[in-house]
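Accompanying notes for the structure given below.
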Amino acid sequence: MTAKLHEYHDDHISVTWDAARCIHAAECLRWLPAVFDNDQKPWVQPDKADADNVAEIVALCPTGALHFRRKDGGDPESKPDENVIVVMPDGPLYVSADAVMLSPEKDVTLEDTRIALCRCGQSAHKPFCDNSHLRSNFRDPGTLQENKLLTDDPPTETTRLSITANRNGSYRLSGPVTIHFLDGTDITGNRCSLCRCGQSKNKPFCDATHKEVGFVAE
Ligand code: SF4
Ligand code: FES
């Protein structure tokens with residue numbers, strides 16, 4: 001996946017923005033409107049706040065659209081202490097993890113700590129969310145039904161979470177992960193398949209419905 005990045009910088013920090021991965025979750029606009037403001041040009045102006053503050057807000061971007069690089073010796077971006085996937089009601093999967101995305105052929109397509117994964121099956125920019133869940137009126141309360149998150153015994157050594165976007169099928173997860181539901185339920189394990197066609201009857205897990213419905217995704 002080759003990203004087209006826009007870059008905004010001052011003497012202290014360089015901020016990059018991948019428009020294709022921005023779903024306007026608006027954390028940046030909400031928390032640091034002096035720097036992130038759709039009414040100014042360019043819309044990101046890092047010199048309008050302290051670089052530590054800019055870095056802190058960039059790290060809140062749940063989709064990974066925003067990243068930063070310090071030019072002044074400040075702390076670089078860090079990896080989260082644990083791998084967590086948040087199931088958003090009627091929306092995407094927010095990954096906060098030391099994550100590597102793999103093609104079905106096991107090629108690395110992305111390494112990132114924040115990713116918004118499409119789970120409605122309708123995104124034009126799969127595997128990333130592009131807000132198509134809103135246009136397609138995707139509905140799922142984002143609550144746990146039958147738990148299909150497995151734990152290998154003995155657990156694997158890796159601390160990394162690998163996510164394979166299966167062709168015409170699910171996301172296959174391997175590595176330690178907590179799946180968090182907004183009703184407060186947390187489940188942990190290190191192996192499962194999550195639905196990305198939007199049609200499983202046991203969301204967020206895959207139940208092979210993608211085959212019945214002829215889901216198509218590279
Ligand atoms: S926080 Fe990230 S996804 Fe949300 S508007 Fe800002 S750049 Fe876009
Ligand atoms: S990807 Fe949706 S049921 Fe398998």
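Please note that chains go A, B, ... in the order of the structure tokens, that every chain numbers its residues from 1, and that ligands are numbered from 1 in the order shown.
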Worksheet entry | Picked from segment 16-211 of chain A by DSSP as alpha helix (DSSP H), as a ChimeraX atom specification | /A:27-31,51-58,132-135,209-211
Fill in: Nearby polymer residues, ligand 1, at most 12 Å, only C-alpha atoms and all ligand atoms, as a ChimeraX atom specification
/A:5-6,15-33,35-38,43-44,54,56-68,92,94,114-116,128-131
Next, dump the selected residues to file, keeping only C-alpha atoms, as a tab-separated table (two decimals), in the first residue's frame.
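Output contents, as saved in selection_17.tsv:
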```tsv
chain	number	residue	atom	x	y	z
A	5	LEU	CA	1.19	11.72	2.40
A	6	HIS	CA	0.76	15.44	2.94
A	15	VAL	CA	3.28	16.02	10.77
A	16	THR	CA	2.14	13.76	7.95
A	17	TRP	CA	-1.49	13.23	6.94
A	18	ASP	CA	-2.80	10.42	4.76
A	19	ALA	CA	-6.09	11.76	3.44
A	20	ALA	CA	-7.16	8.32	2.26
A	21	ARG	CA	-7.08	7.01	5.84
A	22	CYS	CA	-8.77	10.02	7.45
A	23	ILE	CA	-12.41	9.38	8.27
A	24	HIS	CA	-12.83	12.69	10.02
A	25	ALA	CA	-13.07	11.17	13.46
A	26	ALA	CA	-12.11	14.73	14.39
A	27	GLU	CA	-10.06	13.98	17.50
A	28	CYS	CA	-7.45	16.39	16.17
A	29	LEU	CA	-9.94	19.19	15.47
A	30	ARG	CA	-11.53	18.72	18.87
A	31	TRP	CA	-8.42	18.71	20.98
A	32	LEU	CA	-6.10	21.11	19.21
A	33	PRO	CA	-8.13	23.41	16.96
A	35	VAL	CA	-3.23	23.53	14.84
A	36	PHE	CA	-5.88	21.36	13.16
A	37	ASP	CA	-8.52	23.55	11.57
A	38	ASN	CA	-10.41	22.86	8.35
A	43	TRP	CA	-5.36	22.81	7.60
A	44	VAL	CA	-2.44	21.63	9.79
A	54	VAL	CA	1.07	18.49	18.67
A	56	GLU	CA	0.22	14.16	21.88
A	57	ILE	CA	-2.80	14.98	19.71
A	58	VAL	CA	-1.40	13.23	16.62
A	59	ALA	CA	-1.13	10.08	18.73
A	60	LEU	CA	-4.90	10.27	19.41
A	61	CYS	CA	-5.78	9.93	15.72
A	62	PRO	CA	-7.49	6.51	15.76
A	63	THR	CA	-7.05	5.76	12.07
A	64	GLY	CA	-3.32	6.31	11.67
A	65	ALA	CA	-4.01	9.10	9.15
A	66	LEU	CA	-1.77	11.35	11.24
A	67	HIS	CA	1.82	10.62	12.20
A	68	PHE	CA	4.70	12.78	13.37
A	92	PRO	CA	-14.99	0.13	12.00
A	94	TYR	CA	-10.00	0.56	15.69
A	114	ARG	CA	-3.15	2.83	14.68
A	115	ILE	CA	-5.46	1.52	11.96
A	116	ALA	CA	-9.21	1.81	11.26
A	128	PHE	CA	-9.23	0.72	5.60
A	129	CYS	CA	-12.45	2.33	6.74
A	130	ASP	CA	-13.60	5.16	4.47
A	131	ASN	CA	-16.88	5.89	6.27
```
Item to complete: Rank nothing, just name the residue among A:Asn190, A:Asn147, A:Gly184, A:Cys120 nearest to ligand 2, using only C-alpha atoms and all ligand atoms.
Response: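 Nearest to ligand 2: A:Cys120.
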Residues of chain A within 9 Å of ligand 2: nearest atom pair and distance (Å, one decimal) for each, counting only C-alpha atoms and all ligand atoms, sorted by chain and number, as CSV?
```
residue,atom,partner,partner_atom_place_in_ligand_line,distance
A:Arg119,CA,ligand 2,2 (Fe),8.0
A:Cys120,CA,ligand 2,2 (Fe),8.6
A:Gly121,CA,ligand 2,2 (Fe),7.9
A:Asn166,CA,ligand 2,1 (S),8.5
A:Asn168,CA,ligand 2,1 (S),7.5
A:Gly169,CA,ligand 2,1 (S),4.5
A:Ser170,CA,ligand 2,1 (S),3.8
A:Tyr171,CA,ligand 2,1 (S),7.1
A:Ser193,CA,ligand 2,4 (Fe),7.6
A:Leu194,CA,ligand 2,1 (S),6.5
A:Cys195,CA,ligand 2,1 (S),3.7
A:Arg196,CA,ligand 2,1 (S),4.3
A:Cys197,CA,ligand 2,2 (Fe),3.9
A:Gly198,CA,ligand 2,2 (Fe),5.3
A:Gln199,CA,ligand 2,2 (Fe),5.1
A:Ser200,CA,ligand 2,3 (S),4.0
A:Lys201,CA,ligand 2,3 (S),7.4
A:Asn202,CA,ligand 2,3 (S),8.0
A:Lys203,CA,ligand 2,2 (Fe),7.9
A:Pro204,CA,ligand 2,2 (Fe),8.4
A:Phe205,CA,ligand 2,3 (S),7.1
A:Cys206,CA,ligand 2,4 (Fe),3.8
A:Asp207,CA,ligand 2,3 (S),4.5
A:Ala208,CA,ligand 2,4 (Fe),4.2
A:Thr209,CA,ligand 2,3 (S),4.0
A:His210,CA,ligand 2,3 (S),4.4
A:Lys211,CA,ligand 2,4 (Fe),7.2
A:Glu212,CA,ligand 2,3 (S),8.7
A:Val213,CA,ligand 2,3 (S),8.8
A:Phe215,CA,ligand 2,1 (S),7.7
```
Fill in: DSSP strand (DSSP E) residues within segment 7-208 of chain A, as number ranges by chain
A: 7-9, 13-18, 66-70, 84-87, 93-102, 108-117, 161-165, 171-181, 186-194
Discussion item. So the first atom is atom CA of Ser132 of chain A and the second is atom CA of Leu144 of chain A; what is the distance between them in Å, to one decimal place?
Written reply: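 Between atom CA of Ser132 of chain A and atom CA of Leu144 of chain A the gap is 22.8 Å.
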Worksheet entry | Exercise: Cys192 of chain A partners within 7 Å, only C-alpha atoms, chain neighbours under 6 positions left out, as JSON, numbers by chain | {"A": [148, 149, 150, 172, 173]}
Worksheet item: If we count only C-alpha atoms, what is near Gly73 of chain A at a cut-off of 12 Å, once residues fewer than 5 positions away on the same chain are taken out, given as JSON, numbers by chain?
Response: {"A": [11, 12, 13, 51, 52]}
Discussion item. Under the rule that only C-alpha atoms are counted, which of A:Arg70, A:Lys106, A:Arg139, A:Lys126 is the nearest residue to Asp90 of chain A?
Written reply: A:Arg139
